[in-house]
Amino acid sequence: MGKDARARVLADTQAKAIGRMIRVSPRKLNLVAQTIRGKKVEAALNELAFSKRRIAGDVKKVLQSAIANAENNHNLDVDNLVVKEASVGKNMVMKRFMARARGRGAGIEKFFSQITIVVEEMKDVAEKKAKGKKKPAAKAAPKKTKAAEDAAPAEENA
């Protein structure tokens, strides 16, 4: 009766969250977004928690939402998630004016922006950790010193 469901745009190992109507300019938001691109989600959350920028709290909420979507909707392992994409875009612009001298007005634009965060489960991250925990190689036999080498042929001749 209704419309057909839209095909999934993301891969099966990905999940995303979008934060809209964030009251900061896209240029400032992009500075925060670029600090988390490509990082593991745990490191990205720490980066945002200790950031001095005001907007980092809102970005952290969106990242936590993407992590929750990955865990609950797509059954992905939270420990292997990486921030694949953090893209910033424009949104609405509030137009205001400020009174100026001699009856004039000056325009002021208050920008809004949106952020889209895509997290991806990286299987090879877990495999690399497992490979990194290999047993250490057996120690090689100690090398003979030069004095020991000289003494060995002398004993054979005797």
# chains A, B, ... in the order shown; residues from 1 in each chain; ligands from 1
call {"tool": "residues_around", "arguments": {"residues": "Arg54 (chain A)", "least_positions_apart": "5", "cutoff": "12 Å", "atoms": "only C-alpha atoms", "output": "PyMOL selection string"}}
result
chain A and resi 22-24+28-29+31-32+48-49+59-60
call {"tool": "residues_around", "arguments": {"residues": "Val118 (chain A)", "least_positions_apart": "6", "cutoff": "8 Å", "atoms": "only C-alpha atoms", "output": "VMD selection string"}}
result
chain A and resid 14 to 17 66 83 to 86
call {"tool": "closest_residue", "arguments": {"among": "A:Met92, A:Glu42, A:Leu81, A:Ile108", "to": "Asn69 (chain A)", "atoms": "only C-alpha atoms"}}
result
A:Leu81
call {"tool": "residues_around", "arguments": {"residues": "Phe97 (chain A)", "least_positions_apart": "6", "cutoff": "7 Å", "atoms": "only C-alpha atoms", "output": "VMD selection string"}}
result
chain A and resid 105 to 108
call {"tool": "select_by_dssp", "arguments": {"residues": "region 83-130 of chain A", "states": "helix (DSSP H, G or I)", "output": "list in words"}}
result
Ala101, Arg102, Gly103, Lys123, Asp124, Val125, Ala126, Glu127, Lys128, Lys129 and Ala130 of chain A
